[in-house]
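Asks: To start, I am sharing the structure in question, which I have written as structure tokens.
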Amino acid sequence: MGSPASIDTSGLRNLTDPALEQIVAKLEAGERLDRVDGLAILNSQDLIGVGRLANAVKEMRSGPYAFFVLNRQINPTNICVISCKFCDFAAKAGDDDAYEMTMGEILEKVREPIHEVHLVGGLHPTWPFEYYEEMLRAIRRANPTVQIKAFTAVEIEFFSKLAKISIEDVLNRLVAAGLDTMPGGGAEVFSDRVHDALYREKMGAEQWLEIHRIAHSKGIPTNATLLYGHIETHEERVEHLMLLRDLQDETGGFLSFIPLEFQLGYTNLVARQASALDGLKTIAASRLLLDNFPHIKAYWVMLGEETASMALQWGADDLDGTIGEEKIARAALASSPLGLTAHNMLKLMREAGRVPVQRDARYRALTLFPPPPSPTHWSQRGARDVTAMIPSKIDPMIADTGAVSLENEELYSWDLAGISPDQLAERGTLARGDALAAYDATGASLPTVPPAIAESEASR
Ligand code: SF4
């Protein structure tokens, strides 16, 4: 990954919190922030100042861009052998709300023009490891171009016990079956106190970090999360970030960090959800402390769309993806919608003053969406304007006038920081008219709507 340019601190004056002034001085001197700085950010009352600091680092790393992926999250089962106290998703076999998706139901969700399948679920007591391998192979057959981001470290450890093979062998076999990258779930909070209180049956920090270390050694990029907003302290949040930073120093294998806001659900763990202010400060602290992570993600499913959009000015540079039907946060009563259209994703990014870039699971830049011609404010557009209607089975990028394909440029997200949107647009080709293929379970391509029809649909 390319090294970032130097930080522009010229706009970081007149901060109302002296602790933030010290952080600016450290950034200017190229010094690393430490635990004290992390706490100062989380405890600061200067929310705008915190945002300006984190935004300066974000812009150094990824310029004006914000990233998203056309993806589907699939949670094949909620049946789980353990019971974490913060989890509203899991059920026991025989419970009214227990479910198991069939292979056909899983494959139905991947026959779309998407670039990433995000596969995570409960620890099922009777599904053999071979079933998960077959799941990956079947997804590959159903959509040969999609990248598969699958299985948390907790699931990987479970498979190792299930199949009585090493973590290395689990990963080797999953890669052979089609695994591309790993998500970052299951980390929760790297604190023995929280571990003992909320998820005693599940792996702790050491094992989680070790599994990601092994994955990185095999060239599998992974992601990392923090579940915040329940019983953890600010000190524990900061410690979590520092442990992740240490591992990233060692391996360089993390793509993104995703702070996950705890959803109250039915758990009665805390009286109220973390505030939007807390969410924004946590995003900012993550961007500032995790100086070796390429991306900080604002996970709109848990933050809500509006806070996630704001987070793009508080250090985040990625909104994850269109998702489809997510079930984990939904079970915990998250009020965000059941998936976003690419149209809404672009809207959230543009309202935050960002230039949207569609990426794949490994953060290769696929499509640039330059600022639209007037009217420039999205709320001024009519309901049926431009991308309001997106035919299924067609990559929505074709419906956005001016979208530029970067697929042949082989640029990764971290390569874009020093390139302006205009320069980037010159390098690519107009994406309008391109369509991704969709495939059936045998790998045969399905009919898609011809681009001309899609265009007329889109402009109806
Ligand atoms: S958080 Fe994961 S491991 Fe824990 S109960 Fe829920 S599904 Fe099972």
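Identifiers in the structure tokens: chain A, B, ... in order shown; residue index from 1 per chain; ligand index from 1 in order shown.
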Within 9 Å of ligand 1, counting only C-alpha atoms and all ligand atoms, which protein or nucleic acid residues do you find, written as a ChimeraX atom specification?
Replies: /A:77-91,120-124,154-155,185-186,188,199,201-202,328
Asks: Save the residues we just selected, N, CA and C atoms, as a short mmCIF file (atom, residue, chain, number, x, y, z; two decimals), in the first residue's frame?
Replies:
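This is the output file result-v4.cif:
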data_model
loop_
_atom_site.label_atom_id
_atom_site.label_comp_id
_atom_site.auth_asym_id
_atom_site.auth_seq_id
_atom_site.Cartn_x
_atom_site.Cartn_y
_atom_site.Cartn_z
N THR A 77 -27.22 -18.86 8.72
CA THR A 77 -28.02 -19.39 9.84
C THR A 77 -27.81 -18.52 11.06
N ASN A 78 -28.80 -18.49 11.93
CA ASN A 78 -28.62 -17.80 13.22
C ASN A 78 -28.49 -18.81 14.35
N ILE A 79 -28.48 -20.10 14.02
CA ILE A 79 -28.33 -21.11 15.07
C ILE A 79 -26.88 -21.11 15.53
N CYS A 80 -26.68 -20.98 16.84
CA CYS A 80 -25.32 -20.80 17.35
C CYS A 80 -25.15 -21.58 18.64
N VAL A 81 -24.01 -22.24 18.75
CA VAL A 81 -23.78 -23.09 19.93
C VAL A 81 -23.45 -22.28 21.18
N ILE A 82 -23.10 -21.00 21.01
CA ILE A 82 -22.82 -20.21 22.20
C ILE A 82 -23.79 -19.04 22.31
N SER A 83 -23.76 -18.39 23.45
CA SER A 83 -24.74 -17.34 23.71
C SER A 83 -24.02 -16.11 24.26
N CYS A 84 -23.68 -15.19 23.39
CA CYS A 84 -23.06 -13.95 23.84
C CYS A 84 -24.17 -13.03 24.38
N LYS A 85 -23.89 -12.38 25.48
CA LYS A 85 -24.96 -11.61 26.14
C LYS A 85 -25.40 -10.38 25.35
N PHE A 86 -24.56 -9.92 24.43
CA PHE A 86 -24.93 -8.71 23.67
C PHE A 86 -25.65 -9.06 22.37
N CYS A 87 -25.86 -10.36 22.11
CA CYS A 87 -26.31 -10.77 20.78
C CYS A 87 -27.80 -11.07 20.73
N ASP A 88 -28.51 -10.39 19.86
CA ASP A 88 -29.94 -10.65 19.65
C ASP A 88 -30.17 -11.52 18.43
N PHE A 89 -29.10 -11.81 17.70
CA PHE A 89 -29.23 -12.53 16.44
C PHE A 89 -29.34 -14.05 16.66
N ALA A 90 -28.53 -14.56 17.58
CA ALA A 90 -28.40 -16.02 17.72
C ALA A 90 -29.67 -16.67 18.27
N ALA A 91 -29.88 -17.93 17.87
CA ALA A 91 -30.99 -18.73 18.38
C ALA A 91 -30.49 -20.16 18.57
N VAL A 120 -21.36 -14.23 6.88
CA VAL A 120 -21.10 -14.52 8.30
C VAL A 120 -22.37 -15.05 8.93
N GLY A 121 -22.21 -15.90 9.94
CA GLY A 121 -23.41 -16.44 10.58
C GLY A 121 -23.12 -17.03 11.94
N GLY A 122 -24.10 -17.75 12.48
CA GLY A 122 -23.94 -18.40 13.78
C GLY A 122 -23.04 -19.64 13.67
N LEU A 123 -22.66 -20.17 14.83
CA LEU A 123 -21.81 -21.36 14.88
C LEU A 123 -22.75 -22.57 14.96
N HIS A 124 -23.05 -23.13 13.79
CA HIS A 124 -24.09 -24.16 13.72
C HIS A 124 -23.58 -25.48 14.29
N VAL A 154 -13.87 -15.97 14.75
CA VAL A 154 -14.61 -16.88 15.65
C VAL A 154 -15.09 -18.10 14.86
N GLU A 155 -15.59 -17.88 13.66
CA GLU A 155 -16.03 -19.00 12.82
C GLU A 155 -14.85 -19.86 12.38
N GLY A 185 -15.40 -9.16 12.10
CA GLY A 185 -16.28 -9.38 13.24
C GLY A 185 -15.68 -10.31 14.28
N GLY A 186 -16.33 -10.36 15.43
CA GLY A 186 -15.91 -11.25 16.51
C GLY A 186 -14.86 -10.67 17.41
N GLU A 188 -15.13 -7.81 19.07
CA GLU A 188 -15.88 -7.17 20.17
C GLU A 188 -14.99 -6.10 20.83
N TYR A 199 -19.06 -12.28 26.89
CA TYR A 199 -18.92 -13.37 25.91
C TYR A 199 -17.83 -14.34 26.33
N GLU A 201 -17.79 -17.46 26.61
CA GLU A 201 -17.61 -18.71 25.86
C GLU A 201 -16.81 -18.51 24.57
N LYS A 202 -16.66 -17.26 24.17
CA LYS A 202 -16.04 -16.98 22.87
C LYS A 202 -14.57 -16.61 23.03
N ILE A 328 -28.23 -9.34 11.29
CA ILE A 328 -27.67 -9.32 12.64
C ILE A 328 -28.09 -8.04 13.38
#
Asks: Could you tell me, as a PyMOL selection string, which residues of segment 131-287 of chain A DSSP assigns to helix (DSSP H, G or I) when given the backbone?
Replies: chain A and resi 131-142+153-163+167-177+192-198+205-217+234-251+276-287
Asks: Give me, as a ChimeraX atom specification, all polymer residues having an atom no more than 8 Å from segment 404-415 of chain A, counting only C-alpha atoms and skipping those fewer than 4 positions away in the same chain.
Replies: /A:1-2,4,61-62,67,294,359,363-370,419,425,427-432
Asks: So which residues touch Pro183 of chain A within 9 Å, counting only C-alpha atoms, skipping near sequence neighbours fewer than 2 positions away, as a ChimeraX atom specification?
Replies: /A:118-120,149-153,181,185,221-225
Asks: Residues within 10 Å of Lys109 of chain A, please, as a PyMOL selection string. Count only C-alpha atoms; anything in the same chain fewer than 5 positions from it doesn't count.
Replies: chain A and resi 71-74+104+114+117+139+142+324-325
Asks: Using only C-alpha atoms, determine which residues lie at most 7 Å from Asp318 of chain A, disregarding the query and same-chain residues fewer than 3 positions distant; provide the list as a list in words.
Replies: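 Non-adjacent residues within range: Ala66, Phe67, Phe68, His295, Ile296, Lys297 and Ala298 of chain A.
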Asks: Report, in Å to a single decimal, how far apart atom CA of Ala19 of chain A and atom CA of Ala40 of chain A are.
Replies: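 Distance between the two atoms: 6.3 Å.
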Asks: Would you mind telling me which residue in A:Val110, A:Gly204, A:Leu171, A:Glu134 lies nearest to Gln147 of chain A when using only C-alpha atoms?
Replies: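 That would be A:Val110, the residue with the smallest distance to Gln147 of chain A.
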Asks: Which residues, written as a list of chain:residue names, have at least one atom at most 10 Å from Arg52 of chain A, with only C-alpha atoms counted and residues fewer than 2 positions away on the same chain left out?
Replies: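 Once the nearby chain positions are removed, what remains is A:Thr9, A:Gly11, A:Leu12, A:Arg13, A:Leu15, A:Asp46, A:Leu47, A:Ile48, A:Gly49, A:Val50, A:Ala54, A:Asn55, A:Ala56, A:Val57, A:Lys58, A:Ala284, A:Gln313, A:Trp314, A:Gly315.
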Asks: Could you tell me, as a VMD selection string, which residues of segment 104-321 of chain A DSSP assigns to strand (DSSP E or B) when given the backbone?
Replies: chain A and resid 116 to 119 147 to 150 179 to 182 222 to 228 254 to 261 295 to 297 318 to 321
Asks: For the atom pair atom CA of Ala276 of chain A and atom CA of Leu288 of chain A, what is the interatomic distance in Å to one decimal place?
Replies: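 Atom CA of Leu288 of chain A lies 18.4 Å from atom CA of Ala276 of chain A.
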